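Down below is the structure, laid out as structure tokens.
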Amino acid sequence: MPNQGYQPKGTLDTRNPPQGGSALTERKRTSNIVSFSGGKDSTAMLLMMIEKKIPIDFIVFFETGWDFPGMIEHINTVEKQIGREIIRLKPNKSFKELFDKYGFPSLKGRWCLAYKRDTLRKFTNAHKPNIQWLGFAKEEAKRIKKTIGYCYPLVDWKITEEQALTYCQKKGYTWGGLYENRKRVSCWNCPLQSLKDLKILWKDHPGYWQELINMQKYSDWKFRNDYTLKELEEKFKKE
Ligand code: SF4
């Protein structure tokens, strides 16, 4: 479990409230910005930071409008329980409008992530200096590219994905059952999710599956390169 007195690695010490003295009192304190997706890892990170009394200035969530209702409810519950605002960041155009323009995101054209990055950057640029706290689990350490200005406390605390989920579940979080048969929770219509997760969508959320079929009519891009939605249905029926 995390150590008390955690110091972010490879970053500035964020606990530097202004000291006495003119130059120092004028210096702006570094803000801690928690990037919160609502998933098990970032939820565990946020709750552990609060437990360890690590100062948090902003908690931000990027709203795509494509989240499962269970995820939205989870975010509202966390917000209420911790008594802190979770700032919902939105791109300057809705994902509906962007979908009409670009169609489904794909491995080569993840426009959704580009909009997410730009929207977050706009927020962080408006709150400089800052450190962004990201909920990468221990096994995701190899994904870390940027270290200056970023903190990965779950990696430093050696918290695995499974431990993060168990920790949240022990606190009573259920996400409306979303993690019962999934390892990760993404946007319900994410073409990059695994075939296993798509099968769950087809089987357990027929309304969303139908919505995908409707969306395909308006997308120049196929939902996936390997299978059409029809082919996926046939495949799932046979399994
Ligand atoms: S989960 Fe998929 S669709 Fe949603 S933002 Fe991420 S890559 Fe895009």
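Each chain of the structure tokens is named A, B, ... in the order shown, its residues numbered from 1; ligands are numbered from 1 in display order.
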Neighbouring residues of stretch 50-58 of chain A were defined as those with any atom within 6 Å, considering only C-alpha atoms; residues of the same chain fewer than 2 positions away were excluded. Please report them as a PDB file with C-alpha atoms, in the first residue's frame.
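What ended up in selection_6.pdb:
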ATOM      1  CA  SER A  31      -1.492  23.222  -8.915  1.00  0.00           C
ATOM      2  CA  ASN A  32      -2.168  19.527  -8.724  1.00  0.00           C
ATOM      3  CA  ILE A  33      -4.576  18.548 -11.493  1.00  0.00           C
ATOM      4  CA  LEU A  47      -9.263   8.277  -3.325  1.00  0.00           C
ATOM      5  CA  MET A  48      -5.737   7.322  -2.253  1.00  0.00           C
TER       6      MET A  48
END
For stretch 182-194 of chain A, please output as a short mmCIF file (atom, residue, chain, number, x, y, z; two decimals) with C-alpha atoms, in the first residue's frame all residues within 8 Å (counting only C-alpha atoms; exclusion window: fewer than 6 positions along the same chain).
data_model
loop_
_atom_site.label_atom_id
_atom_site.label_comp_id
_atom_site.auth_asym_id
_atom_site.auth_seq_id
_atom_site.Cartn_x
_atom_site.Cartn_y
_atom_site.Cartn_z
CA GLY A 39 -12.42 4.18 -14.32
CA THR A 64 -17.38 12.56 -24.54
CA TRP A 66 -20.40 8.35 -25.03
CA ASP A 67 -20.05 7.02 -21.49
CA PHE A 68 -22.21 4.25 -20.11
CA PHE A 104 -15.83 6.48 -36.26
CA PRO A 105 -12.40 6.95 -34.75
CA SER A 106 -9.86 4.38 -35.88
CA LEU A 107 -6.38 3.29 -34.89
CA LEU A 201 -22.21 -4.84 -25.72
CA TYR A 208 -26.47 0.53 -27.89
CA LEU A 212 -23.97 1.51 -33.52
CA PHE A 223 -16.62 0.64 -37.48
CA ARG A 224 -13.68 -1.77 -37.63
#
One number please: atom CA of A:Gln216 to atom CA of A:Leu195, in Å, one decimal. 17.3 Å
For the structure I just gave you, how does DSSP split stretch 45-213 of chain A - specifically, which residues are alpha helix (DSSP H)? Reply as a tab-separated table (two decimals) with C-alpha atoms, in the first residue's frame.
chain	number	residue	atom	x	y	z
A	45	MET	CA	-5.67	7.19	-7.46
A	46	LEU	CA	-8.02	10.00	-6.48
A	47	LEU	CA	-9.26	8.28	-3.33
A	48	MET	CA	-5.74	7.32	-2.25
A	49	MET	CA	-4.51	10.88	-2.80
A	50	ILE	CA	-7.33	12.14	-0.58
A	51	GLU	CA	-6.54	9.51	2.06
A	69	PRO	CA	-24.85	5.53	-17.68
A	70	GLY	CA	-23.14	3.41	-14.96
A	71	MET	CA	-19.97	5.47	-15.44
A	72	ILE	CA	-21.78	8.81	-15.30
A	73	GLU	CA	-23.53	7.71	-12.14
A	74	HIS	CA	-20.22	6.60	-10.65
A	75	ILE	CA	-18.67	10.00	-11.31
A	76	ASN	CA	-21.64	11.77	-9.71
A	77	THR	CA	-21.38	9.45	-6.69
A	78	VAL	CA	-17.63	10.00	-6.26
A	79	GLU	CA	-18.17	13.75	-6.51
A	80	LYS	CA	-20.80	13.66	-3.80
A	81	GLN	CA	-18.83	11.37	-1.52
A	82	ILE	CA	-15.56	13.26	-1.67
A	95	PHE	CA	-18.75	14.50	-30.19
A	96	LYS	CA	-22.02	14.13	-32.11
A	97	GLU	CA	-20.98	16.99	-34.44
A	98	LEU	CA	-17.45	15.64	-34.66
A	99	PHE	CA	-18.72	12.16	-35.46
A	100	ASP	CA	-20.83	13.62	-38.29
A	101	LYS	CA	-17.65	15.19	-39.64
A	102	TYR	CA	-15.07	12.44	-39.09
A	111	TRP	CA	-9.67	12.21	-33.49
A	112	CYS	CA	-11.45	11.71	-30.14
A	113	LEU	CA	-8.12	11.49	-28.33
A	114	ALA	CA	-6.78	14.52	-30.16
A	115	TYR	CA	-9.80	16.56	-28.99
A	116	LYS	CA	-9.40	15.20	-25.47
A	117	ARG	CA	-5.71	16.15	-25.41
A	118	ASP	CA	-6.37	19.65	-26.78
A	119	THR	CA	-9.23	20.32	-24.37
A	120	LEU	CA	-7.15	19.20	-21.42
A	121	ARG	CA	-4.19	21.23	-22.63
A	122	LYS	CA	-6.35	24.34	-22.78
A	123	PHE	CA	-7.32	23.78	-19.15
A	124	THR	CA	-3.80	23.05	-17.93
A	125	ASN	CA	-2.40	26.06	-19.82
A	126	ALA	CA	-4.90	28.24	-17.99
A	153	PRO	CA	1.33	7.65	-8.25
A	154	LEU	CA	-0.15	4.17	-8.79
A	155	VAL	CA	3.06	3.18	-10.58
A	156	ASP	CA	5.14	4.62	-7.75
A	161	GLU	CA	-5.14	-2.82	-12.00
A	162	GLU	CA	-6.59	-5.63	-9.95
A	163	GLN	CA	-5.60	-3.98	-6.67
A	164	ALA	CA	-7.10	-0.68	-7.84
A	165	LEU	CA	-10.41	-2.38	-8.62
A	166	THR	CA	-10.48	-4.29	-5.33
A	167	TYR	CA	-9.66	-1.12	-3.40
A	168	CYS	CA	-12.59	0.73	-5.03
A	169	GLN	CA	-14.95	-2.22	-4.58
A	170	LYS	CA	-14.10	-2.40	-0.89
A	195	LEU	CA	-13.95	-8.21	-29.42
A	196	LYS	CA	-14.81	-9.68	-26.02
A	197	ASP	CA	-16.14	-6.32	-24.83
A	198	LEU	CA	-18.02	-5.82	-28.08
A	199	LYS	CA	-19.70	-9.16	-27.59
A	200	ILE	CA	-20.83	-8.01	-24.14
A	201	LEU	CA	-22.21	-4.84	-25.72
A	202	TRP	CA	-24.08	-6.88	-28.34
A	203	LYS	CA	-25.44	-9.32	-25.76
A	204	ASP	CA	-26.18	-7.06	-22.78
A	206	PRO	CA	-28.95	-4.30	-27.54
A	207	GLY	CA	-30.09	-0.66	-27.58
A	208	TYR	CA	-26.47	0.53	-27.89
A	209	TRP	CA	-25.77	-2.12	-30.53
A	210	GLN	CA	-28.67	-0.81	-32.60
A	211	GLU	CA	-27.31	2.70	-32.13
A	212	LEU	CA	-23.97	1.51	-33.52
A	213	ILE	CA	-25.73	0.13	-36.58
So which residues of stretch 100-195 of chain A fall under strand (DSSP E or B) by DSSP, listed as a PyMOL selection string? chain A and resi 130-133+150-151
Write the residues of the preceding selection, restricted to C-alpha atoms, as a PDB file, in the first residue's frame.
ATOM      1  CA  ASN A 130       0.809  22.568 -12.588  1.00  0.00           C
ATOM      2  CA  ILE A 131       1.403  18.875 -12.269  1.00  0.00           C
ATOM      3  CA  GLN A 132      -0.985  16.417 -13.857  1.00  0.00           C
ATOM      4  CA  TRP A 133      -1.713  13.276 -11.880  1.00  0.00           C
ATOM      5  CA  TYR A 150       3.341  14.542 -14.650  1.00  0.00           C
ATOM      6  CA  CYS A 151       2.847  12.166 -11.735  1.00  0.00           C
TER       7      CYS A 151
END
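The residue that comes closest to A:Lys158, out of A:Lys171, A:Lys146, A:Lys235, A:Lys138 and on the basis of only C-alpha atoms, is A:Lys138.
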Measuring between only C-alpha atoms and all ligand atoms, which one of A:Ser37, A:Thr228, A:Thr147, A:Asn92 shows the shortest distance to ligand 1? A:Ser37
Would you please work out which residue, of A:Gly135, A:Thr43, A:Leu89, A:Gly109, is nearest to ligand 1 when using only C-alpha atoms and all ligand atoms? A:Gly109
